[in-house]
$ cat work.txt   # compact mmCIF, C-alpha atoms
# COMPACT_ATOMS: atom_id res chain seq x y z
CA MET A 957 10.47 -17.53 30.66
CA GLU A 958 9.60 -19.02 27.27
CA GLN A 959 12.69 -20.56 25.66
CA ARG A 960 11.17 -21.43 22.28
CA GLY A 961 11.53 -19.11 19.34
CA ILE A 962 10.34 -20.05 15.85
CA GLU A 963 11.08 -23.75 16.48
CA LEU A 964 8.10 -26.02 15.87
CA VAL A 965 5.75 -26.37 18.86
CA PRO A 966 5.25 -30.11 19.61
CA ALA A 967 1.70 -31.43 19.89
CA GLY A 968 2.21 -32.19 23.59
CA GLU A 969 2.92 -28.53 24.38
CA ARG A 970 -0.09 -27.05 22.60
CA TYR A 971 -2.70 -25.29 24.74
CA GLY A 972 -5.48 -22.73 24.61
CA ARG A 973 -8.65 -22.21 22.56
CA PRO A 974 -9.30 -20.20 19.40
CA ARG A 975 -11.35 -17.64 21.34
CA ASP A 976 -8.15 -16.65 23.18
CA LEU A 977 -7.20 -14.90 19.94
CA LEU A 978 -10.21 -12.59 20.35
CA PHE A 979 -8.78 -11.21 23.60
CA LEU A 980 -5.23 -11.13 22.25
CA TRP A 981 -6.15 -9.00 19.27
CA THR A 982 -8.73 -6.87 21.09
CA GLY A 983 -6.26 -6.05 23.87
CA THR A 984 -3.62 -5.27 21.26
CA THR A 985 -5.69 -3.10 18.90
CA MET A 986 -7.82 -1.24 21.45
CA GLY A 987 -5.31 1.54 22.02
CA ILE A 988 -4.61 5.24 21.62
CA PHE A 989 -2.81 4.67 18.32
CA THR A 990 -6.05 3.30 16.83
CA LEU A 991 -7.94 6.36 18.05
CA VAL A 992 -5.34 8.66 16.49
CA TYR A 993 -5.66 7.01 13.08
CA GLY A 994 -9.33 8.00 13.12
CA THR A 995 -8.58 11.59 14.06
CA THR A 996 -5.86 11.83 11.41
CA ILE A 997 -8.09 11.07 8.43
CA VAL A 998 -10.39 13.91 9.51
CA ALA A 999 -7.90 16.43 10.91
CA ALA A 1000 -5.07 15.88 8.41
CA PHE A 1001 -6.88 14.65 5.28
CA GLY A 1002 -10.02 16.76 5.61
CA LEU A 1003 -12.57 13.94 5.34
CA SER A 1004 -16.04 14.64 6.68
CA PHE A 1005 -17.20 12.48 9.57
CA TRP A 1006 -19.33 10.23 7.36
CA GLN A 1007 -16.57 9.94 4.75
CA ALA A 1008 -14.25 8.92 7.56
CA VAL A 1009 -16.69 6.26 8.77
CA ALA A 1010 -16.95 4.87 5.23
CA ALA A 1011 -13.15 4.79 4.85
CA ILE A 1012 -12.77 3.14 8.27
CA VAL A 1013 -15.26 0.37 7.51
CA VAL A 1014 -13.99 -0.29 3.98
CA GLY A 1015 -10.28 -0.18 4.91
CA ASN A 1016 -10.61 -2.50 7.89
CA LEU A 1017 -13.01 -4.87 6.16
CA LEU A 1018 -10.46 -5.32 3.37
CA ALA A 1019 -7.37 -5.59 5.60
CA PHE A 1020 -8.23 -7.60 8.71
CA PRO A 1021 -9.12 -10.88 6.95
CA LEU A 1022 -5.36 -11.14 6.40
CA VAL A 1023 -4.87 -11.48 10.18
CA GLY A 1024 -7.45 -14.27 10.25
CA LEU A 1025 -5.79 -16.00 7.33
CA THR A 1026 -2.24 -15.88 8.72
CA SER A 1027 -3.57 -17.13 12.07
CA LEU A 1028 -4.73 -20.35 10.37
CA GLN A 1029 -1.17 -21.46 9.70
CA GLY A 1030 -0.15 -21.34 13.38
CA PRO A 1031 -2.02 -24.49 14.53
CA ALA A 1032 -1.24 -26.29 11.27
CA THR A 1033 2.53 -25.77 11.39
CA GLY A 1034 3.44 -24.78 14.96
CA THR A 1035 5.61 -21.85 13.91
CA SER A 1036 5.44 -18.12 13.20
CA THR A 1037 3.95 -16.43 10.14
CA MET A 1038 7.24 -15.22 8.69
CA ALA A 1039 8.69 -18.71 9.09
CA VAL A 1040 5.72 -20.05 7.11
CA SER A 1041 6.65 -17.56 4.36
CA ARG A 1042 9.58 -19.87 3.62
CA ALA A 1043 7.11 -22.19 1.85
CA ALA A 1044 6.87 -19.60 -0.93
CA TYR A 1045 10.23 -17.80 -0.84
CA GLY A 1046 12.46 -20.67 0.30
CA PRO A 1047 14.19 -21.01 3.71
CA LYS A 1048 16.90 -18.53 2.69
CA GLY A 1049 14.87 -16.52 0.21
CA ALA A 1050 12.45 -15.49 2.99
CA ARG A 1051 15.16 -13.98 5.18
CA LEU A 1052 15.01 -10.50 3.69
CA LEU A 1053 11.20 -10.41 4.02
CA SER A 1054 11.52 -11.49 7.66
CA PHE A 1055 14.04 -8.70 8.18
CA PHE A 1056 11.52 -6.24 6.73
CA GLY A 1057 8.98 -7.71 9.15
CA TRP A 1058 11.38 -7.02 12.00
CA LEU A 1059 11.83 -3.41 10.84
CA ASN A 1060 8.04 -3.12 10.68
CA MET A 1061 7.76 -4.10 14.36
CA VAL A 1062 10.64 -1.86 15.43
CA GLY A 1063 8.96 1.14 13.79
CA PHE A 1064 5.67 0.58 15.59
CA GLU A 1065 7.41 -0.16 18.90
CA ALA A 1066 9.41 3.06 18.67
CA GLY A 1067 6.27 5.01 17.82
CA GLY A 1068 4.57 3.55 20.88
CA MET A 1069 7.54 4.31 23.10
CA VAL A 1070 7.58 7.92 21.91
CA LEU A 1071 3.91 8.39 22.80
CA ILE A 1072 4.41 6.64 26.16
CA THR A 1073 7.21 9.10 26.90
CA PHE A 1074 5.13 12.12 25.88
CA ALA A 1075 2.17 10.91 27.97
CA ALA A 1076 4.37 10.25 31.02
CA LEU A 1077 5.95 13.71 30.71
CA SER A 1078 2.48 15.23 30.43
CA LEU A 1079 1.42 13.40 33.61
CA LEU A 1080 4.47 14.74 35.41
CA GLY A 1081 3.57 18.20 34.16
CA GLN A 1082 0.08 17.78 35.62
CA ALA A 1083 1.78 17.10 38.96
CA GLY A 1084 3.77 20.32 38.71
CA VAL A 1085 7.10 18.80 37.67
CA ALA A 1086 9.22 20.78 35.18
CA THR A 1087 9.60 18.51 32.14
CA GLU A 1088 11.86 20.52 29.84
CA GLY A 1089 15.13 18.98 31.00
CA LEU A 1090 16.86 16.38 28.82
CA GLY A 1091 17.83 14.30 31.84
CA LEU A 1092 14.20 13.76 32.87
CA LYS A 1093 13.24 12.74 29.33
CA VAL A 1094 16.05 10.17 29.23
CA ALA A 1095 15.01 8.83 32.65
CA VAL A 1096 11.38 8.45 31.54
CA ILE A 1097 12.45 6.62 28.36
CA LEU A 1098 14.62 4.18 30.35
CA VAL A 1099 11.95 3.48 32.97
CA ALA A 1100 9.36 2.91 30.24
CA ALA A 1101 11.73 0.52 28.47
CA LEU A 1102 12.26 -1.54 31.64
CA ILE A 1103 8.50 -1.84 32.18
CA GLN A 1104 7.96 -2.66 28.52
CA LEU A 1105 10.50 -5.47 28.66
CA VAL A 1106 8.69 -7.66 31.21
CA LEU A 1107 5.83 -9.36 29.32
CA PRO A 1108 7.59 -9.98 25.97
CA LEU A 1109 10.59 -11.36 27.84
CA ILE A 1110 8.48 -13.88 29.80
CA GLY A 1111 6.83 -15.04 26.59
CA HIS A 1112 3.68 -16.30 24.90
CA ALA A 1113 1.60 -17.43 27.90
CA ALA A 1114 2.16 -14.15 29.77
CA VAL A 1115 1.28 -12.05 26.72
CA MET A 1116 -1.94 -13.99 26.07
CA LYS A 1117 -3.09 -13.73 29.71
CA ALA A 1118 -2.21 -10.05 30.09
CA GLN A 1119 -4.02 -9.03 26.90
CA LYS A 1120 -7.20 -10.69 28.22
CA TYR A 1121 -7.20 -8.43 31.28
CA PHE A 1122 -6.20 -5.39 29.23
CA THR A 1123 -9.25 -5.98 27.05
CA TRP A 1124 -11.75 -5.54 29.86
CA VAL A 1125 -9.99 -2.47 31.26
CA PHE A 1126 -9.88 -0.81 27.84
CA VAL A 1127 -13.54 -1.57 27.09
CA VAL A 1128 -14.59 0.24 30.28
CA LEU A 1129 -12.31 3.26 29.91
CA PHE A 1130 -12.79 3.83 26.18
CA GLY A 1131 -16.54 3.37 26.69
CA LEU A 1132 -16.46 6.10 29.33
CA MET A 1133 -14.46 8.30 26.99
CA ALA A 1134 -17.08 7.84 24.26
CA ILE A 1135 -19.84 8.84 26.69
CA LEU A 1136 -17.94 12.01 27.68
CA VAL A 1137 -17.13 13.03 24.09
CA GLY A 1138 -20.47 12.04 22.53
CA PRO A 1139 -22.53 15.16 23.45
CA LYS A 1140 -19.87 17.45 21.95
CA VAL A 1141 -19.62 15.72 18.57
CA ASP A 1142 -20.72 17.69 15.51
CA VAL A 1143 -20.87 15.28 12.57
CA ALA A 1144 -21.55 18.17 10.17
CA ALA A 1145 -18.42 20.09 11.21
CA GLY A 1146 -16.35 18.82 8.29
CA GLY A 1147 -18.61 20.34 5.65
CA ALA A 1148 -18.47 18.79 2.17
CA GLY A 1149 -15.35 16.80 3.04
CA ALA A 1150 -12.60 15.57 0.73
CA ASP A 1151 -12.58 14.35 -2.86
CA PHE A 1152 -12.31 10.72 -3.99
CA THR A 1153 -8.54 10.97 -4.45
CA THR A 1154 -8.01 11.89 -0.80
CA PHE A 1155 -10.50 9.21 0.22
CA THR A 1156 -8.29 6.54 -1.42
CA VAL A 1157 -5.25 7.84 0.46
CA ALA A 1158 -7.18 7.60 3.75
CA VAL A 1159 -8.24 4.02 2.99
CA ALA A 1160 -4.61 3.11 2.24
CA LEU A 1161 -3.47 4.56 5.58
CA ILE A 1162 -6.21 2.67 7.45
CA MET A 1163 -5.25 -0.60 5.78
CA SER A 1164 -1.51 -0.18 6.33
CA ALA A 1165 -1.99 0.87 9.98
CA GLY A 1166 -4.41 -2.00 10.60
CA GLY A 1167 -4.82 -5.49 9.22
CA LEU A 1168 -2.01 -5.22 6.65
CA SER A 1169 0.66 -4.42 9.25
CA TRP A 1170 -0.74 -6.92 11.78
CA GLY A 1171 -0.95 -9.70 9.18
CA PRO A 1172 2.65 -10.93 9.58
CA LEU A 1173 1.96 -11.60 13.29
CA GLY A 1174 -1.07 -13.91 12.95
CA GLY A 1175 0.66 -17.26 13.34
CA ASP A 1176 2.94 -15.99 16.12
CA TYR A 1177 0.06 -16.19 18.59
CA SER A 1178 -1.96 -19.09 17.17
CA ARG A 1179 0.97 -21.51 16.89
CA TYR A 1180 0.44 -22.91 20.39
CA LEU A 1181 -3.18 -23.87 19.63
CA PRO A 1182 -3.87 -27.60 19.09
CA ALA A 1183 -3.57 -28.67 15.45
CA ASP A 1184 -7.23 -29.78 15.37
CA SER A 1185 -8.53 -26.33 16.39
CA SER A 1186 -11.54 -25.19 14.38
CA LYS A 1187 -10.32 -23.25 11.34
CA LYS A 1188 -13.50 -21.16 11.27
CA ALA A 1189 -13.03 -20.24 14.93
CA VAL A 1190 -9.34 -19.38 14.51
CA PHE A 1191 -10.05 -17.17 11.50
CA GLY A 1192 -13.19 -15.59 12.98
CA TYR A 1193 -11.79 -14.71 16.41
CA ALA A 1194 -8.55 -13.31 14.98
CA PHE A 1195 -10.46 -11.25 12.40
CA LEU A 1196 -13.09 -9.89 14.82
CA GLY A 1197 -10.53 -9.23 17.56
CA GLY A 1198 -8.86 -6.64 15.36
CA PHE A 1199 -11.70 -5.49 13.10
CA VAL A 1200 -14.24 -4.50 15.77
CA PRO A 1201 -11.89 -2.40 17.98
CA TYR A 1202 -10.39 -0.69 14.94
CA VAL A 1203 -13.79 0.29 13.55
CA LEU A 1204 -15.14 1.48 16.90
CA LEU A 1205 -12.05 3.37 18.08
CA MET A 1206 -11.24 4.90 14.70
CA THR A 1207 -14.84 6.11 14.50
CA LEU A 1208 -14.50 7.59 18.01
CA GLY A 1209 -11.29 9.26 16.83
CA ALA A 1210 -13.08 10.74 13.82
CA ALA A 1211 -15.80 12.02 16.15
CA VAL A 1212 -13.22 13.61 18.46
CA ALA A 1213 -11.68 15.38 15.44
CA THR A 1214 -14.98 17.22 14.93
CA VAL A 1215 -14.58 18.66 18.44
CA VAL A 1216 -10.85 19.47 18.56
CA LYS A 1217 -8.96 20.59 15.46
CA ASP A 1218 -5.57 19.29 16.62
CA ALA A 1219 -6.97 15.99 17.88
CA ALA A 1220 -4.39 14.10 15.80
CA ASP A 1221 -1.95 14.92 18.61
CA PRO A 1222 -3.02 12.33 21.20
CA ILE A 1223 -1.20 13.96 24.12
CA SER A 1224 -1.57 17.74 23.87
CA GLY A 1225 -4.45 18.00 21.41
CA LEU A 1226 -6.92 15.17 21.91
CA PRO A 1227 -7.46 15.74 25.68
CA GLY A 1228 -9.03 19.10 24.72
CA ALA A 1229 -12.24 17.17 23.98
CA LEU A 1230 -12.33 15.76 27.53
CA PRO A 1231 -13.42 17.27 30.85
CA ALA A 1232 -10.52 18.34 33.04
CA TRP A 1233 -11.08 15.59 35.62
CA PHE A 1234 -10.65 12.87 32.95
CA VAL A 1235 -7.33 14.12 31.54
CA VAL A 1236 -5.17 12.22 34.05
CA PRO A 1237 -7.16 8.95 33.65
CA TYR A 1238 -6.91 9.44 29.89
CA LEU A 1239 -3.13 9.82 30.00
CA LEU A 1240 -2.87 6.69 32.16
CA LEU A 1241 -5.11 4.87 29.66
CA ALA A 1242 -2.86 6.05 26.82
CA ILE A 1243 0.25 4.73 28.56
CA VAL A 1244 -1.19 1.33 29.48
CA SER A 1245 -2.77 0.78 26.04
CA LEU A 1246 0.51 1.67 24.32
CA PHE A 1247 2.35 -0.82 26.55
CA ALA A 1248 -0.23 -3.43 25.48
CA VAL A 1249 0.33 -2.76 21.76
CA ASN A 1250 4.10 -2.74 22.14
CA THR A 1251 3.99 -6.02 24.05
CA THR A 1252 2.56 -7.79 21.00
CA ASP A 1253 4.98 -6.03 18.64
CA LEU A 1254 8.04 -6.68 20.76
CA TYR A 1255 7.31 -10.38 21.19
CA SER A 1256 6.84 -10.86 17.44
CA SER A 1257 9.87 -8.80 16.47
CA GLY A 1258 12.11 -11.31 18.23
CA LEU A 1259 10.55 -14.13 16.20
CA ASN A 1260 10.98 -12.16 12.97
CA LEU A 1261 14.66 -11.61 13.73
CA GLN A 1262 15.10 -15.37 14.10
CA ALA A 1263 13.16 -15.99 10.88
CA ALA A 1264 15.56 -13.58 9.16
CA GLY A 1265 18.33 -16.10 9.84
CA ILE A 1266 19.86 -14.36 12.86
CA LYS A 1267 21.08 -17.12 15.20
CA VAL A 1268 20.02 -15.61 18.50
CA LYS A 1269 17.83 -16.73 21.40
CA ARG A 1270 14.36 -15.18 21.51
CA TRP A 1271 14.97 -13.32 24.78
CA VAL A 1272 18.24 -11.86 23.48
CA ALA A 1273 16.42 -10.64 20.37
CA VAL A 1274 13.77 -8.98 22.56
CA VAL A 1275 16.38 -7.15 24.65
CA ALA A 1276 18.37 -6.03 21.58
CA ASP A 1277 15.18 -4.87 19.92
CA LEU A 1278 14.20 -2.74 22.89
CA ILE A 1279 17.65 -1.15 23.08
CA LEU A 1280 17.27 -0.07 19.45
CA CYS A 1281 13.79 1.30 20.24
CA VAL A 1282 15.21 3.35 23.11
CA ILE A 1283 17.71 4.96 20.73
CA ILE A 1284 15.01 5.73 18.14
CA THR A 1285 12.70 7.06 20.86
CA TYR A 1286 15.39 9.42 22.12
CA VAL A 1287 15.93 10.81 18.62
CA ALA A 1288 12.17 11.23 18.05
CA VAL A 1289 11.45 12.82 21.45
CA THR A 1290 14.17 15.42 20.91
CA SER A 1291 12.94 16.28 17.40
CA GLU A 1292 9.94 18.24 16.21
CA ASN A 1293 8.79 15.93 13.40
CA PHE A 1294 7.27 12.88 15.10
CA ASN A 1295 3.91 13.01 13.29
CA THR A 1296 5.63 13.42 9.91
CA MET A 1297 7.96 10.51 10.68
CA LEU A 1298 5.01 8.29 11.67
CA ASN A 1299 2.96 9.07 8.54
CA THR A 1300 5.99 8.47 6.29
CA PHE A 1301 6.67 5.14 7.99
CA LEU A 1302 3.05 3.99 7.59
CA GLY A 1303 3.02 4.99 3.94
CA LEU A 1304 6.22 3.16 3.01
CA LEU A 1305 5.14 -0.06 4.78
CA ILE A 1306 2.75 -0.67 1.91
CA ILE A 1307 5.53 -1.10 -0.64
CA TRP A 1308 6.77 -4.41 0.79
CA LEU A 1309 3.76 -5.57 2.84
CA ALA A 1310 1.15 -5.58 0.07
CA PRO A 1311 3.24 -7.73 -2.33
CA TRP A 1312 4.23 -10.07 0.53
CA ALA A 1313 0.53 -10.54 1.34
CA GLY A 1314 -0.19 -11.23 -2.34
CA VAL A 1315 2.47 -13.95 -2.54
CA TYR A 1316 1.52 -15.41 0.86
CA VAL A 1317 -2.20 -15.67 0.07
CA THR A 1318 -1.59 -17.06 -3.42
CA ASP A 1319 0.79 -19.69 -2.06
CA TRP A 1320 -1.76 -20.64 0.61
CA LEU A 1321 -4.50 -21.00 -2.00
CA ARG A 1322 -2.35 -23.10 -4.34
CA ARG A 1323 -1.38 -25.57 -1.63
CA LYS A 1324 -4.90 -25.47 -0.07
CA GLY A 1325 -3.46 -24.57 3.30
CA ARG A 1326 -1.22 -27.64 3.52
CA TYR A 1327 2.38 -27.27 4.69
CA ASP A 1328 5.28 -29.59 5.47
CA ALA A 1329 6.33 -27.79 8.62
CA ARG A 1330 9.69 -29.54 8.98
CA ALA A 1331 10.65 -28.61 5.42
CA LEU A 1332 10.41 -24.93 6.40
CA PHE A 1333 13.55 -25.42 8.51
CA ASP A 1334 15.48 -27.74 6.18
CA GLU A 1335 18.40 -25.66 4.91
CA SER A 1336 20.06 -28.60 3.16
CA ALA A 1337 17.29 -29.34 0.67
CA PRO A 1338 17.14 -27.85 -2.85
CA GLY A 1339 15.17 -24.66 -3.43
CA GLN A 1340 16.65 -22.53 -0.66
CA VAL A 1341 15.78 -19.45 -2.73
CA ARG A 1342 12.60 -19.71 -4.77
CA TRP A 1343 12.88 -17.18 -7.52
CA ALA A 1344 9.24 -17.24 -8.54
CA ALA A 1345 8.29 -15.62 -5.22
CA ILE A 1346 11.27 -13.24 -5.25
CA ILE A 1347 10.46 -12.00 -8.78
CA ALA A 1348 6.77 -11.67 -7.88
CA GLN A 1349 7.69 -9.70 -4.75
CA VAL A 1350 9.85 -7.27 -6.73
CA ALA A 1351 7.15 -6.84 -9.40
CA GLY A 1352 4.57 -6.14 -6.69
CA MET A 1353 6.83 -3.63 -4.97
CA VAL A 1354 7.32 -1.75 -8.25
CA ALA A 1355 3.56 -1.70 -8.82
CA ALA A 1356 2.89 -0.47 -5.28
CA ALA A 1357 5.56 2.24 -5.55
CA LEU A 1358 4.10 3.47 -8.85
CA TRP A 1359 0.65 3.96 -7.31
CA ILE A 1360 1.52 5.24 -3.83
CA ASN A 1361 0.72 8.72 -2.54
CA SER A 1362 2.77 9.20 0.63
CA THR A 1363 4.55 12.02 2.42
CA ALA A 1364 7.87 10.52 1.24
CA PHE A 1365 7.05 10.43 -2.49
CA VAL A 1366 4.20 10.11 -4.98
CA GLY A 1367 4.34 7.38 -7.59
CA TRP A 1368 4.03 8.04 -11.33
CA ILE A 1369 0.61 6.36 -11.73
CA SER A 1370 -0.67 8.19 -8.65
CA GLN A 1371 0.43 11.50 -10.18
CA ALA A 1372 -1.17 10.59 -13.51
CA THR A 1373 -4.50 9.79 -11.80
CA GLY A 1374 -4.69 12.98 -9.76
CA GLY A 1375 -3.09 11.63 -6.59
CA THR A 1376 -5.10 8.44 -6.05
CA ASP A 1377 -3.53 5.74 -3.90
CA PHE A 1378 -4.27 2.17 -4.98
CA SER A 1379 -0.79 0.99 -3.99
CA ILE A 1380 -2.03 -1.81 -1.73
CA PHE A 1381 -4.29 -3.29 -4.40
CA ALA A 1382 -1.63 -2.89 -7.11
CA GLY A 1383 1.09 -4.49 -5.01
CA PHE A 1384 -1.13 -7.33 -3.79
CA LEU A 1385 -2.65 -8.21 -7.18
CA VAL A 1386 0.51 -7.88 -9.27
CA ALA A 1387 2.60 -9.95 -6.85
CA GLY A 1388 -0.11 -12.58 -6.43
CA ALA A 1389 -0.72 -12.90 -10.17
CA ALA A 1390 3.01 -13.01 -10.98
CA TYR A 1391 3.59 -15.73 -8.40
CA ALA A 1392 0.66 -17.80 -9.70
CA VAL A 1393 2.10 -17.64 -13.23
CA LEU A 1394 5.76 -18.20 -12.32
CA ASP A 1395 5.54 -20.89 -9.63
CA ARG A 1396 5.20 -24.28 -11.32
CA ARG A 1397 6.17 -26.52 -8.39
CA PRO A 1398 3.83 -29.39 -7.48
CA VAL A 1399 1.45 -28.29 -4.73
CA SER A 1400 0.68 -31.71 -3.25
CA VAL A 1401 3.01 -31.32 -0.27
CA PRO A 1402 2.85 -33.56 2.81
CA VAL A 1403 0.41 -32.50 5.52
CA LEU A 1404 1.81 -32.29 9.05
CA GLU A 1405 -1.15 -32.24 11.44
CA GLY A 1406 0.71 -30.94 14.44
CA VAL A 1407 4.34 -31.66 15.23
CA ARG A 1408 4.70 -34.99 17.06
$ encode --input "work.txt" --output "structure tokens"
Amino acid sequence: MEQRGIELVPAGERYGRPRDLLFLWTGTTMGIFTLVYGTTIVAAFGLSFWQAVAAIVVGNLLAFPLVGLTSLQGPATGTSTMAVSRAAYGPKGARLLSFFGWLNMVGFEAGGMVLITFAALSLLGQAGVATEGLGLKVAVILVAALIQLVLPLIGHAAVMKAQKYFTWVFVVLFGLMAILVGPKVDVAAGGAGADFTTFTVAVALIMSAGGLSWGPLGGDYSRYLPADSSKKAVFGYAFLGGFVPYVLLMTLGAAVATVVKDAADPISGLPGALPAWFVVPYLLLAIVSLFAVNTTDLYSSGLNLQAAGIKVKRWVAVVADLILCVIITYVAVTSENFNTMLNTFLGLLIIWLAPWAGVYVTDWLRRKGRYDARALFDESAPGQVRWAAIIAQVAGMVAAALWINSTAFVGWISQATGGTDFSIFAGFLVAGAAYAVLDRRPVSVPVLEGVR
């Protein structure tokens, strides 16, 4: 069991190659959730198939470079992405952002656990078991939680190895699914499609569900790589590992939505596009892929909780996190509004994530990727709260909220422009520009090429 949390990884304990990130991110992103995002922008937003493809490519091309960028800091510093955020916000100023990062992971984990539960209940139904009882639902949730706990609890090496094997399994099964669905696809089924306003909302959802939400995890998995790892390889493998599966599976999801109208429901709706003999393998694929996604989320959530200043061992954070997910899953499984809850959650992520990305990228550019890793953990030095980043974050959040079009609320600028959603761009650019203007600290910080 890995004992290290966000503490710096010494040079003597580094291992692996940049290409390992390709399998990590492919195994993580090649899941049912990714497929559902593609069906949603057709089934819920009314985009035509070709509009959906355009939104998928544009949204992921804009968002996934963030994962590559945040992965670069792992080998350079030996710590997690949210811990690196302390360079901009200050060791104590970054705590609230790290807490938001933890909430981000908890939300996705709970969403995954809910779908695992629904898929398991559907499998039991296929076997003739009555699934209406509350006791059975609770039992399924608890069993799923125990299975989910194993890999994140063991730690980094286990997660990296498991995701490599998951990748090959998912490539085969999703490839077979594409072959089975392909002949039924009608790319003209959507008609004229949606207007530009709705297109911008779809792009925002794709970005927030993809590279933007995965961005805070980049360094968590690259921090064990040797400090002299190729920067181009680290960036490229992390970027491609998420970008390619998201584009392919979201496109498959959009294609499925032309076959089944309620394909946005991955358990009761989407299997309608499949032959009867493949429904059980599909449900098993859904469960395993959701476990794979949650493994990555659950491991990182423990690191984020530590970065938030909570003095707790990594394994304790993982267990506590999963207990909270079980509670949320129970509430969601016994309610009728899971899809609404998920879409609201994805929409509101933008408000803090886009400005954080703007500050993070601007800080990285100003210091040319150079960090004093030990200073990130020095809570006795001046500058524990760096107000330039805090003010920039708040300004970016206001800008994002003004231009958001979500199920929770619609911002004033979005209303004034007919419902467009440029919240990600507004939050990112305003926060980044404000930080560049306000932060006047010298940028020539010491370079720590791996922790000795």
$ residues_near_point --input "work.txt" --point "(16.2, -2.1, 23.8)" --cutoff "12 Å" --atoms "only C-alpha atoms" --output "MDAnalysis selection string"
chainID A and resid 1062 1065:1066 1069 1097:1106 1108:1109 1254 1257:1258 1271:1286
$ residues_around --input "work.txt" --residues "Ser1169 in chain A" --least-positions-apart "5" --cutoff "8 Å" --atoms "all atoms listed in the file" --output "list in words"
Asn1060, Met1163, Ser1164, Leu1305 and Leu1309 of chain A
$ closest_residue --input "work.txt" --among "A:Leu1385, A:Val1023, A:Ala1329, A:Ala1264" --to "Trp1058 in chain A" --atoms "all atoms listed in the file"
A:Ala1264
$ closest_residue --input "work.txt" --among "A:Tyr1202, A:Asp1218, A:Ala1313, A:Ala1210" --to "Val1141 in chain A" --atoms "only C-alpha atoms"
A:Ala1210
$ atom_distance --input "work.txt" --atom1 "CA of Thr1363 in chain A" --atom2 "CA of Leu1161 in chain A"
11.4 Å
$ atom_distance --input "work.txt" --atom1 "CA of Gly994 in chain A" --atom2 "CA of Gly1015 in chain A"
11.6 Å
$ closest_residue --input "work.txt" --among "A:Val1236, A:Gly961, A:Val1386, A:Lys1217" --to "Leu1080 in chain A" --atoms "all atoms listed in the file"
A:Val1236
